[in-house]
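Structure data follow from structure_20.csv (CSV, C-alpha atoms and all ligand atoms):
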```
chain,number,residue,atom,x,y,z
A,20,MET,CA,27.3,0.2,-50.3
A,21,SER,CA,29.0,-2.0,-47.8
A,22,GLU,CA,29.5,-5.7,-48.6
A,23,ILE,CA,29.2,-8.4,-45.9
A,24,ILE,CA,30.4,-11.9,-46.6
A,25,LEU,CA,29.8,-15.0,-44.4
A,26,GLY,CA,32.5,-17.6,-44.9
A,27,ILE,CA,31.9,-21.3,-44.1
A,28,GLU,CA,34.7,-23.9,-43.9
A,29,SER,CA,34.2,-27.6,-43.3
A,30,SER,CA,36.7,-29.4,-45.5
A,31,CYS,CA,38.5,-31.5,-42.9
A,32,ASP,CA,38.2,-31.5,-39.1
A,33,ASP,CA,37.6,-27.9,-38.2
A,34,THR,CA,34.1,-26.3,-38.5
A,35,SER,CA,34.6,-22.6,-39.0
A,36,ALA,CA,32.5,-19.5,-39.8
A,37,ALA,CA,33.7,-16.0,-40.3
A,38,VAL,CA,32.1,-12.6,-41.2
A,39,LEU,CA,34.0,-10.1,-43.3
A,40,GLN,CA,32.8,-6.5,-44.0
A,41,ASP,CA,34.5,-4.8,-46.9
A,42,ARG,CA,37.5,-7.2,-46.4
A,43,VAL,CA,37.7,-6.4,-42.7
A,44,LEU,CA,37.3,-9.3,-40.3
A,45,LEU,CA,34.4,-9.0,-37.9
A,46,SER,CA,34.5,-12.5,-36.5
A,47,ASN,CA,36.2,-15.9,-37.1
A,48,VAL,CA,34.9,-18.8,-35.0
A,49,ILE,CA,36.6,-22.2,-35.2
A,50,ALA,CA,35.4,-25.4,-33.6
A,51,SER,CA,38.3,-27.9,-33.7
A,52,GLN,CA,37.1,-31.5,-33.4
A,53,GLN,CA,38.6,-33.5,-30.6
A,54,VAL,CA,37.0,-36.8,-31.4
A,55,HIS,CA,40.0,-37.8,-33.6
A,56,LYS,CA,42.6,-37.6,-30.9
A,57,ASP,CA,42.5,-41.3,-30.0
A,58,TYR,CA,42.9,-42.4,-33.6
A,59,GLY,CA,46.1,-40.7,-34.6
A,60,GLY,CA,44.4,-39.1,-37.7
A,61,VAL,CA,41.1,-37.7,-38.9
A,62,VAL,CA,38.3,-40.3,-39.1
A,63,PRO,CA,36.1,-39.1,-42.0
A,64,GLU,CA,32.7,-40.4,-40.7
A,65,LEU,CA,33.3,-38.9,-37.2
A,66,ALA,CA,34.4,-35.6,-38.8
A,67,SER,CA,31.1,-35.4,-40.8
A,68,ARG,CA,29.0,-36.1,-37.7
A,69,ALA,CA,30.9,-33.5,-35.7
A,70,HIS,CA,30.4,-30.9,-38.4
A,71,GLU,CA,26.7,-31.6,-38.3
A,72,LEU,CA,26.6,-30.8,-34.6
A,73,ASN,CA,28.9,-27.8,-34.9
A,74,ILE,CA,27.7,-26.0,-38.0
A,75,VAL,CA,24.6,-24.2,-36.6
A,76,PRO,CA,26.2,-23.0,-33.3
A,77,VAL,CA,29.4,-21.9,-35.1
A,78,VAL,CA,27.6,-19.9,-37.8
A,79,SER,CA,25.3,-18.3,-35.1
A,80,GLU,CA,28.3,-17.4,-33.0
A,81,ALA,CA,30.1,-15.9,-35.9
A,82,LEU,CA,27.1,-13.7,-36.8
A,83,ASN,CA,26.6,-12.7,-33.1
A,84,ARG,CA,30.2,-11.8,-32.5
A,85,ALA,CA,30.2,-9.7,-35.7
A,86,GLY,CA,26.9,-8.0,-34.7
A,87,VAL,CA,25.5,-8.9,-38.1
A,88,LYS,CA,21.9,-10.0,-38.9
A,89,PRO,CA,21.5,-12.9,-41.4
A,90,SER,CA,19.4,-10.5,-43.5
A,91,GLU,CA,22.4,-8.1,-43.9
A,92,LEU,CA,24.6,-10.7,-45.7
A,93,SER,CA,25.6,-9.9,-49.2
A,94,ALA,CA,26.9,-13.4,-50.0
A,95,ILE,CA,27.6,-16.8,-48.4
A,96,ALA,CA,31.1,-18.1,-49.4
A,97,PHE,CA,31.7,-21.8,-48.7
A,98,THR,CA,34.4,-24.4,-49.3
A,99,ARG,CA,33.3,-26.6,-52.1
A,100,GLY,CA,36.6,-28.7,-52.2
A,101,PRO,CA,39.1,-30.2,-52.1
A,102,GLY,CA,38.7,-32.1,-48.8
A,103,LEU,CA,36.7,-35.0,-47.2
A,104,LEU,CA,33.5,-35.4,-49.1
A,105,GLY,CA,31.3,-36.0,-46.1
A,106,SER,CA,32.7,-33.0,-44.3
A,107,LEU,CA,32.3,-30.8,-47.4
A,108,LEU,CA,28.8,-32.0,-47.8
A,109,VAL,CA,27.8,-30.5,-44.4
A,110,GLY,CA,29.1,-27.0,-45.2
A,111,THR,CA,27.8,-27.1,-48.8
A,112,SER,CA,24.3,-28.2,-47.8
A,113,PHE,CA,24.2,-25.7,-45.0
A,114,ALA,CA,25.3,-22.9,-47.3
A,115,LYS,CA,22.6,-23.9,-49.8
A,116,ALA,CA,19.9,-24.0,-47.1
A,117,LEU,CA,20.9,-20.6,-45.8
A,118,SER,CA,21.1,-19.2,-49.3
A,119,ILE,CA,17.5,-20.3,-50.1
A,120,SER,CA,16.1,-19.2,-46.8
A,121,LEU,CA,17.7,-15.7,-47.0
A,122,ASN,CA,17.5,-15.4,-50.8
A,123,CYS,CA,21.2,-14.5,-50.6
A,124,PRO,CA,23.7,-15.5,-53.3
A,125,MET,CA,26.4,-18.2,-52.7
A,126,VAL,CA,30.0,-18.2,-54.0
A,127,GLU,CA,32.1,-21.3,-54.0
A,128,VAL,CA,35.6,-21.3,-52.8
A,129,ASN,CA,38.5,-23.6,-53.4
A,130,HIS,CA,40.1,-24.4,-50.1
A,131,LEU,CA,43.6,-24.1,-51.4
A,132,GLN,CA,42.8,-20.7,-52.9
A,133,GLY,CA,41.6,-19.7,-49.4
A,134,HIS,CA,45.0,-20.6,-47.9
A,135,VAL,CA,46.8,-18.6,-50.6
A,136,LEU,CA,44.6,-15.5,-50.1
A,137,ALA,CA,44.6,-15.7,-46.2
A,138,GLY,CA,47.1,-12.8,-46.1
A,139,PHE,CA,44.5,-10.5,-47.7
A,140,VAL,CA,42.1,-10.6,-44.7
A,141,ARG,CA,42.2,-7.2,-43.1
A,142,GLN,CA,41.8,-6.6,-39.4
A,143,LYS,CA,40.8,-3.5,-37.5
A,144,ASP,CA,43.8,-1.7,-36.0
A,145,VAL,CA,46.3,-3.9,-37.9
A,146,PRO,CA,48.3,-2.2,-40.6
A,147,VAL,CA,47.6,-3.6,-44.1
A,148,ARG,CA,50.5,-5.4,-45.7
A,149,GLU,CA,49.7,-7.4,-48.8
A,150,PRO,CA,51.8,-8.6,-51.7
A,151,GLU,CA,51.5,-7.0,-55.0
A,152,PHE,CA,50.6,-9.4,-57.9
A,153,PRO,CA,52.2,-11.5,-59.2
A,154,PHE,CA,53.7,-13.2,-56.2
A,155,LEU,CA,54.8,-16.8,-55.3
A,156,CYS,CA,53.1,-18.7,-52.6
A,157,LEU,CA,54.5,-21.8,-50.9
A,158,LEU,CA,51.3,-23.7,-50.1
A,159,VAL,CA,52.1,-26.3,-47.5
A,160,SER,CA,49.4,-28.3,-45.6
A,161,GLY,CA,48.4,-31.7,-44.6
A,162,GLY,CA,47.2,-32.5,-48.1
A,163,ASN,CA,49.3,-30.3,-50.4
A,164,SER,CA,52.8,-29.0,-51.1
A,165,GLN,CA,52.8,-26.6,-54.0
A,166,ILE,CA,54.5,-23.6,-55.4
A,167,VAL,CA,51.8,-21.4,-56.8
A,168,LYS,CA,52.3,-18.3,-59.0
A,169,VAL,CA,49.4,-16.0,-58.1
A,170,ASN,CA,48.8,-13.7,-61.0
A,171,ASP,CA,45.7,-12.1,-59.4
A,172,PRO,CA,43.3,-13.1,-56.7
A,173,LEU,CA,41.5,-15.4,-59.1
A,174,HIS,CA,44.2,-16.7,-61.4
A,175,PHE,CA,46.8,-19.1,-60.2
A,176,GLU,CA,49.4,-21.3,-61.9
A,177,ILE,CA,50.9,-24.3,-60.1
A,178,LEU,CA,54.6,-24.2,-60.8
A,179,GLY,CA,55.4,-27.3,-58.8
A,180,GLN,CA,53.8,-29.8,-56.5
A,181,THR,CA,54.4,-33.0,-54.6
A,182,ILE,CA,54.4,-36.1,-56.6
A,183,ASP,CA,53.6,-38.2,-53.5
A,184,ASP,CA,53.1,-37.2,-49.9
A,185,ALA,CA,52.4,-33.6,-48.7
A,186,VAL,CA,54.9,-32.1,-46.3
A,187,GLY,CA,52.3,-32.0,-43.5
A,188,GLU,CA,51.6,-35.7,-44.1
A,189,ALA,CA,55.4,-36.4,-43.6
A,190,PHE,CA,55.2,-34.5,-40.3
A,191,ASP,CA,52.1,-36.3,-39.2
A,192,LYS,CA,53.0,-39.8,-40.2
A,193,CYS,CA,56.5,-39.7,-38.8
A,194,SER,CA,55.3,-38.2,-35.5
A,195,LYS,CA,52.7,-41.0,-35.3
A,196,MET,CA,55.2,-43.7,-36.0
A,197,MET,CA,57.7,-42.3,-33.5
A,198,GLY,CA,54.9,-42.3,-30.9
A,199,LEU,CA,55.0,-38.5,-30.5
A,200,GLY,CA,51.3,-37.8,-31.2
A,201,TYR,CA,48.9,-36.2,-33.7
A,202,PRO,CA,48.9,-33.8,-35.4
A,203,GLY,CA,52.7,-34.2,-35.8
A,204,GLY,CA,53.6,-30.8,-37.1
A,205,PRO,CA,53.2,-28.8,-33.9
A,206,VAL,CA,54.8,-31.6,-31.8
A,207,ILE,CA,57.9,-31.9,-34.0
A,208,ASP,CA,58.1,-28.1,-34.2
A,209,ARG,CA,58.1,-27.9,-30.4
A,210,LEU,CA,60.7,-30.7,-29.9
A,211,ALA,CA,62.9,-29.4,-32.8
A,212,LYS,CA,63.4,-26.1,-30.9
A,213,LEU,CA,65.3,-28.1,-28.2
A,214,GLY,CA,67.5,-30.2,-30.5
A,215,ASN,CA,70.5,-30.1,-32.8
A,216,PRO,CA,69.4,-29.9,-36.4
A,217,GLU,CA,72.9,-30.9,-37.7
A,218,ARG,CA,73.2,-34.2,-35.8
A,219,PHE,CA,71.5,-36.5,-38.3
A,220,LYS,CA,71.5,-36.3,-42.1
A,221,PHE,CA,68.8,-37.5,-44.5
A,222,ALA,CA,69.2,-38.0,-48.2
A,223,LYS,CA,67.5,-35.4,-50.3
A,224,PRO,CA,65.0,-36.6,-53.0
A,225,ARG,CA,66.0,-36.0,-56.6
A,226,VAL,CA,62.9,-34.8,-58.3
A,227,PRO,CA,63.1,-32.8,-61.6
A,228,GLY,CA,61.8,-29.2,-62.0
A,229,LEU,CA,59.9,-27.6,-59.2
A,230,ASP,CA,58.1,-30.7,-58.0
A,231,TYR,CA,58.5,-32.1,-54.5
A,232,SER,CA,58.6,-35.6,-53.0
A,233,PHE,CA,58.4,-36.4,-49.3
A,234,SER,CA,57.7,-40.1,-49.2
A,235,GLY,CA,61.4,-41.1,-49.4
A,236,ILE,CA,62.6,-39.0,-46.5
A,237,LYS,CA,59.6,-40.2,-44.4
A,238,THR,CA,60.6,-43.8,-45.1
A,239,SER,CA,64.3,-43.2,-44.4
A,240,LEU,CA,63.5,-41.5,-41.1
A,241,LEU,CA,61.4,-44.5,-40.0
A,242,TYR,CA,64.0,-47.1,-41.0
A,243,PHE,CA,66.7,-45.1,-39.3
A,244,VAL,CA,64.8,-44.9,-36.1
A,245,ARG,CA,63.8,-48.6,-36.3
A,246,ASP,CA,67.5,-49.7,-36.9
A,247,GLU,CA,68.8,-47.5,-34.1
A,248,MET,CA,66.1,-48.8,-31.7
A,249,ALA,CA,67.1,-52.4,-32.5
A,250,VAL,CA,70.5,-51.6,-31.0
A,251,ASP,CA,69.4,-49.2,-28.3
A,252,PRO,CA,65.7,-49.4,-27.2
A,253,GLY,CA,66.1,-46.0,-25.5
A,254,PHE,CA,67.4,-44.3,-28.7
A,255,MET,CA,64.1,-42.6,-29.6
A,256,GLU,CA,63.3,-41.3,-26.1
A,257,ASN,CA,66.9,-40.1,-25.5
A,258,ASN,CA,67.3,-38.4,-28.8
A,259,LYS,CA,63.9,-37.2,-29.8
A,260,GLU,CA,64.8,-33.5,-29.8
A,261,ASP,CA,67.8,-34.0,-32.2
A,262,ILE,CA,65.8,-36.4,-34.4
A,263,CYS,CA,63.0,-33.9,-34.7
A,264,ALA,CA,65.3,-30.9,-35.3
A,265,SER,CA,67.3,-32.8,-38.0
A,266,PHE,CA,64.1,-34.2,-39.7
A,267,GLN,CA,62.4,-30.8,-39.7
A,268,LYS,CA,65.6,-29.1,-41.1
A,269,ALA,CA,65.7,-31.7,-43.9
A,270,LEU,CA,62.0,-31.0,-44.8
A,271,ILE,CA,62.6,-27.3,-44.8
A,272,ASP,CA,65.8,-27.7,-46.9
A,273,ILE,CA,63.7,-29.6,-49.5
A,274,LEU,CA,61.0,-26.9,-49.5
A,275,MET,CA,63.5,-24.0,-49.7
A,276,ASP,CA,65.6,-25.5,-52.6
A,277,LYS,CA,62.6,-25.5,-55.0
A,278,LEU,CA,61.3,-22.2,-53.7
A,279,VAL,CA,64.6,-20.5,-54.4
A,280,LYS,CA,64.7,-22.1,-57.8
A,281,ALA,CA,61.1,-20.9,-58.5
A,282,ALA,CA,62.0,-17.3,-57.5
A,283,LYS,CA,65.0,-17.4,-59.8
A,284,GLN,CA,63.2,-18.9,-62.7
A,285,THR,CA,60.2,-16.4,-62.5
A,286,GLY,CA,62.2,-13.4,-61.4
A,287,ILE,CA,59.5,-12.8,-58.7
A,288,ASN,CA,60.8,-11.8,-55.3
A,289,ARG,CA,57.5,-11.4,-53.5
A,290,ILE,CA,57.2,-14.6,-51.5
A,291,ALA,CA,54.3,-15.7,-49.3
A,292,ILE,CA,53.5,-18.9,-47.5
A,293,GLY,CA,50.2,-20.5,-46.5
A,294,GLY,CA,48.6,-23.6,-45.2
A,295,GLY,CA,48.9,-25.5,-41.9
A,296,VAL,CA,52.7,-26.1,-42.2
A,297,SER,CA,53.3,-22.3,-42.6
A,298,ALA,CA,52.8,-22.2,-38.8
A,299,ASN,CA,56.1,-24.1,-38.5
A,300,SER,CA,58.6,-21.8,-36.6
A,301,GLY,CA,61.6,-23.3,-38.4
A,302,LEU,CA,60.1,-22.7,-41.8
A,303,ARG,CA,59.0,-19.1,-40.9
A,304,ASN,CA,62.5,-18.3,-39.6
A,305,ARG,CA,64.2,-19.8,-42.7
A,306,ILE,CA,61.9,-17.9,-45.1
A,307,THR,CA,62.6,-14.6,-43.3
A,308,GLU,CA,66.4,-15.2,-43.2
A,309,GLU,CA,66.5,-16.4,-46.9
A,310,GLY,CA,64.4,-13.4,-47.8
A,311,ARG,CA,66.8,-11.0,-46.1
A,312,ARG,CA,69.7,-12.6,-47.9
A,313,ARG,CA,68.1,-12.7,-51.3
A,314,GLY,CA,66.2,-9.4,-51.2
A,315,TRP,CA,62.8,-11.0,-51.1
A,316,GLU,CA,59.7,-9.3,-49.8
A,317,THR,CA,58.3,-12.0,-47.5
A,318,PHE,CA,54.7,-12.4,-46.3
A,319,LEU,CA,54.0,-14.7,-43.4
A,320,PRO,CA,50.4,-15.2,-42.3
A,321,GLU,CA,49.4,-14.7,-38.7
A,322,PHE,CA,49.2,-18.0,-36.9
A,323,LYS,CA,45.4,-17.9,-36.6
A,324,PHE,CA,45.2,-17.8,-40.4
A,325,THR,CA,47.6,-20.7,-41.1
A,326,THR,CA,45.4,-23.7,-40.3
A,327,ASP,CA,41.9,-24.2,-41.5
A,328,ASN,CA,39.7,-21.2,-40.9
A,329,ALA,CA,36.7,-19.5,-42.5
A,330,ALA,CA,38.2,-16.0,-42.7
A,331,MET,CA,40.3,-17.2,-45.6
A,332,ILE,CA,37.2,-18.6,-47.3
A,333,ALA,CA,35.4,-15.4,-46.8
A,334,ILE,CA,38.2,-13.3,-48.3
A,335,ALA,CA,38.5,-15.6,-51.3
A,336,GLY,CA,34.7,-15.4,-51.6
A,337,HIS,CA,34.9,-11.6,-51.6
A,338,PHE,CA,37.1,-11.7,-54.7
A,339,HIS,CA,34.8,-14.2,-56.5
A,340,TYR,CA,31.7,-12.1,-55.5
A,341,LEU,CA,33.3,-8.9,-56.8
A,342,ALA,CA,34.0,-10.7,-60.1
A,343,GLY,CA,30.3,-11.4,-60.4
A,344,GLU,CA,30.6,-15.1,-59.8
A,345,ARG,CA,27.7,-16.9,-58.3
A,346,CYS,CA,27.4,-20.6,-57.4
A,347,PRO,CA,24.3,-22.5,-58.5
A,348,LEU,CA,22.2,-24.5,-56.0
A,349,ASP,CA,23.1,-27.8,-57.7
A,350,ALA,CA,26.8,-27.5,-57.1
A,351,ALA,CA,28.2,-30.7,-55.5
A,352,PRO,CA,31.4,-30.8,-53.4
A,353,TYR,CA,34.5,-32.2,-54.9
A,354,SER,CA,37.2,-34.1,-52.9
A,355,ARG,CA,40.3,-34.0,-55.1
A,356,ALA,CA,42.6,-31.1,-55.9
A,357,ALA,CA,42.5,-32.4,-59.5
A,358,ASP,CA,38.8,-31.4,-59.7
A,359,SER,CA,39.6,-28.0,-58.3
A,360,LEU,CA,39.7,-24.5,-59.8
A,361,ILE,CA,43.5,-24.2,-59.3
A,362,ARG,CA,45.2,-26.3,-62.0
A,401,LIG,O1,46.0,-26.4,-43.5
A,401,LIG,P1,45.7,-27.5,-42.6
A,401,LIG,O2,45.1,-27.1,-41.2
A,401,LIG,O3,44.8,-28.6,-43.1
A,401,LIG,C1,44.9,-29.0,-44.4
A,401,LIG,O4,44.2,-28.4,-45.3
A,401,LIG,O5,45.7,-30.0,-44.7
A,401,LIG,O6,47.1,-28.2,-42.3
A,401,LIG,C2,47.2,-29.2,-41.3
A,401,LIG,C3,48.7,-29.7,-41.4
A,401,LIG,C4,49.0,-30.9,-40.5
A,401,LIG,O7,49.7,-31.8,-41.3
A,401,LIG,C5,49.8,-30.4,-39.3
A,401,LIG,O8,50.7,-31.3,-38.8
A,401,LIG,C6,50.5,-29.2,-40.0
A,401,LIG,O9,49.5,-28.6,-40.8
A,401,LIG,N1,51.0,-28.2,-39.0
A,401,LIG,C7,52.3,-28.0,-38.8
A,401,LIG,C8,52.4,-27.0,-37.7
A,401,LIG,N2,51.1,-26.7,-37.3
A,401,LIG,C9,50.3,-27.5,-38.1
A,401,LIG,N3,53.4,-28.5,-39.4
A,401,LIG,C10,54.6,-28.1,-39.0
A,401,LIG,N4,54.7,-27.2,-37.9
A,401,LIG,C11,53.7,-26.7,-37.3
A,401,LIG,N5,53.8,-25.8,-36.3
```

Encoding of this model in structure tokens:
Amino acid sequence: MSEIILGIESSCDDTSAAVLQDRVLLSNVIASQQVHKDYGGVVPELASRAHELNIVPVVSEALNRAGVKPSELSAIAFTRGPGLLGSLLVGTSFAKALSISLNCPMVEVNHLQGHVLAGFVRQKDVPVREPEFPFLCLLVSGGNSQIVKVNDPLHFEILGQTIDDAVGEAFDKCSKMMGLGYPGGPVIDRLAKLGNPERFKFAKPRVPGLDYSFSGIKTSLLYFVRDEMAVDPGFMENNKEDICASFQKALIDILMDKLVKAAKQTGINRIAIGGGVSANSGLRNRITEEGRRRGWETFLPEFKFTTDNAAMIAIAGHFHYLAGERCPLDAAPYSRAADSLIR
């Protein structure tokens, strides 16, 4: 019998719902919140309120586009954490109410696991290309930078992670401080394409093992720009393409060094990337090139599955559902990765 999963994602500033039938995507609706634009970052209270307004129309639209009736759902998969508590509460409460009203089971999904498994969403008329297990995933988003060993869809090992800022945070904070706008990743990515990545050099952090650090490079960029501006007030405006290209290259070098090390240490040459920063064109090119040189099999998610979306929550939910996992109605959302299922 066919299995139909509704996925619900509300961990940050995107309200999303998706419907998956036997792993094939029928719909994926995302309402991106615009209310944060003036603030240079996500305002948690405004995010919760926007989720409340969006959740009913977004879920209805996802079911309509999929041509699926609520009564046909096999399970409701929702993001339980990590993320903003108020935002998560909206998706979690909605999933519970729907579960009770339809008498349909719920499965909880860890948002990070969703990013890692995004590449397993299948689409009509798109050839299936999925990594065999185990594979390594470079998980890079606004809140996380991790190298994850994926043993199977439900068993992950974190080989390394950031000890301070996430790489997406470095993109966002630096862009904001340089007056380039929010979110910073896409802006820096666009400007970097026009600049010379070799023009400016930034010191690499020295962190043992497979862990990352991005707070030092963030600070050194900000001091560098401030010092140059003290001499030439037009420095930023006249050199922003080269600054962005050099800064982006430095971030990618840091990410790649540890990824190469992880591949060598584990002997695993199937390499995937996931999370919002995996949309970065410089990182995508570099992984592809490095893969060609080192004989890696590389897996890059389609752009629409890089940032927050419910399709990835539905596919992760599919694996939990198949494993017989069900979420009780008293499950509360959790905000921190430390409380999450991936440890
Ligand atoms: O996965 P995501 O949508 O949300 C989190 O769970 O964090 O990731 C958002 C992050 C932001 O930091 C944003 O600047 C970054 O992904 N991002 C990018 C690009 N597109 C989004 N970073 C670099 N280059 C991009 N093209």

Mind pulling up the distance from atom CA of Arg42 of chain A to atom CA of Asp144 of chain A?
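Distance between the two atoms: 13.3 Å.
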
Of the residues A:Ala66, A:Met255, A:Ala189, A:Ile24, which is the one nearest to ligand LIG 401 (chain A), using all atoms listed in the file?
A:Ala189

Residues at most 7 Å from ligand LIG 401 (chain A), using all atoms listed in the file? Could they come as a PyMOL selection string?
chain A and resi 31+160-163+187-188+190-191+202-205+207-208+294-300+325-327

Using the selection just defined, write its residues with C-alpha atoms as a PDB file, keeping the file's coordinate frame.
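So result02.pdb came out as:
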```pdb
ATOM      1  CA  CYS A  31      38.500 -31.500 -42.900  1.00  0.00           C
ATOM      2  CA  SER A 160      49.400 -28.300 -45.600  1.00  0.00           C
ATOM      3  CA  GLY A 161      48.400 -31.700 -44.600  1.00  0.00           C
ATOM      4  CA  GLY A 162      47.200 -32.500 -48.100  1.00  0.00           C
ATOM      5  CA  ASN A 163      49.300 -30.300 -50.400  1.00  0.00           C
ATOM      6  CA  GLY A 187      52.300 -32.000 -43.500  1.00  0.00           C
ATOM      7  CA  GLU A 188      51.600 -35.700 -44.100  1.00  0.00           C
ATOM      8  CA  PHE A 190      55.200 -34.500 -40.300  1.00  0.00           C
ATOM      9  CA  ASP A 191      52.100 -36.300 -39.200  1.00  0.00           C
ATOM     10  CA  PRO A 202      48.900 -33.800 -35.400  1.00  0.00           C
ATOM     11  CA  GLY A 203      52.700 -34.200 -35.800  1.00  0.00           C
ATOM     12  CA  GLY A 204      53.600 -30.800 -37.100  1.00  0.00           C
ATOM     13  CA  PRO A 205      53.200 -28.800 -33.900  1.00  0.00           C
ATOM     14  CA  ILE A 207      57.900 -31.900 -34.000  1.00  0.00           C
ATOM     15  CA  ASP A 208      58.100 -28.100 -34.200  1.00  0.00           C
ATOM     16  CA  GLY A 294      48.600 -23.600 -45.200  1.00  0.00           C
ATOM     17  CA  GLY A 295      48.900 -25.500 -41.900  1.00  0.00           C
ATOM     18  CA  VAL A 296      52.700 -26.100 -42.200  1.00  0.00           C
ATOM     19  CA  SER A 297      53.300 -22.300 -42.600  1.00  0.00           C
ATOM     20  CA  ALA A 298      52.800 -22.200 -38.800  1.00  0.00           C
ATOM     21  CA  ASN A 299      56.100 -24.100 -38.500  1.00  0.00           C
ATOM     22  CA  SER A 300      58.600 -21.800 -36.600  1.00  0.00           C
ATOM     23  CA  THR A 325      47.600 -20.700 -41.100  1.00  0.00           C
ATOM     24  CA  THR A 326      45.400 -23.700 -40.300  1.00  0.00           C
ATOM     25  CA  ASP A 327      41.900 -24.200 -41.500  1.00  0.00           C
TER      26      ASP A 327
END
```

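Nearest to Ser265 of chain A of all the residues A:Val226, A:Val250, A:Lys277, A:Ile236 is A:Ile236, counting all atoms listed in the file.
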
Proximity to Leu107 of chain A - best of A:Glu127, A:Glu308, A:Asp246, A:Glu217, only C-alpha atoms
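Comparing A:Glu127, A:Glu308, A:Asp246, A:Glu217 against Leu107 of chain A, the winner is A:Glu127.
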
Neighbour list for Gly105 of chain A as a VMD selection string, cut-off 9 Å, only C-alpha atoms, skip fewer than 2 positions in-chain
chain A and resid 30 63 to 64 66 to 68 102 to 103 107 to 109 352

Go through A:Gly26, A:Gly86, A:Gly235, A:Gly60 and flag the residue nearest Ala333 of chain A, using only C-alpha atoms for the distances.
A:Gly26

Selected residue of minimal separation from Ser106 of chain A among A:Phe254, A:Val135, A:Ala69, A:Val77, counting only C-alpha atoms:
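Using only C-alpha atoms, Ser106 of chain A sits closest to A:Ala69.
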
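Computed from the coordinates, the atom CA of Gln132 of chain A to atom CA of Asp184 of chain A distance equals 19.7 Å.
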
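Our summary of the geometry notes that atom CA of Glu316 of chain A is positioned 11.8 Å from atom CA of Cys156 of chain A.
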
Using only C-alpha atoms: which of A:Lys237, A:Pro150, A:Gly293, A:Val167 has the shortest distance to Trp315 of chain A
A:Pro150

Give me, as a PyMOL selection string, all polymer residues having an atom no more than 12 Å from Arg313 of chain A, counting only C-alpha atoms and skipping those fewer than 4 positions away in the same chain.
chain A and resi 278-280+282-283+286-290+305-309+317

What's around Ser21 of chain A at 12 Å? Count only C-alpha atoms, leave out sequence neighbours fewer than 4 positions away in its own chain, and write the answer as an MDAnalysis selection string.
chainID A and resid 39:43 91:94 337

Ser112 of chain A: which residues within 12 Å, counting all atoms listed in the file, same-chain residues fewer than 3 positions away excluded, as a VMD selection string?
chain A and resid 27 to 29 70 to 71 74 to 75 95 97 to 99 104 to 109 115 to 119 125 348 to 352

Might you pull out every residue within 12 Å of Glu80 of chain A, with only C-alpha atoms counted and same-chain residues fewer than 5 positions away left off, and present them as a PyMOL selection string?
chain A and resi 25+34-38+45-50+73-75+85-89
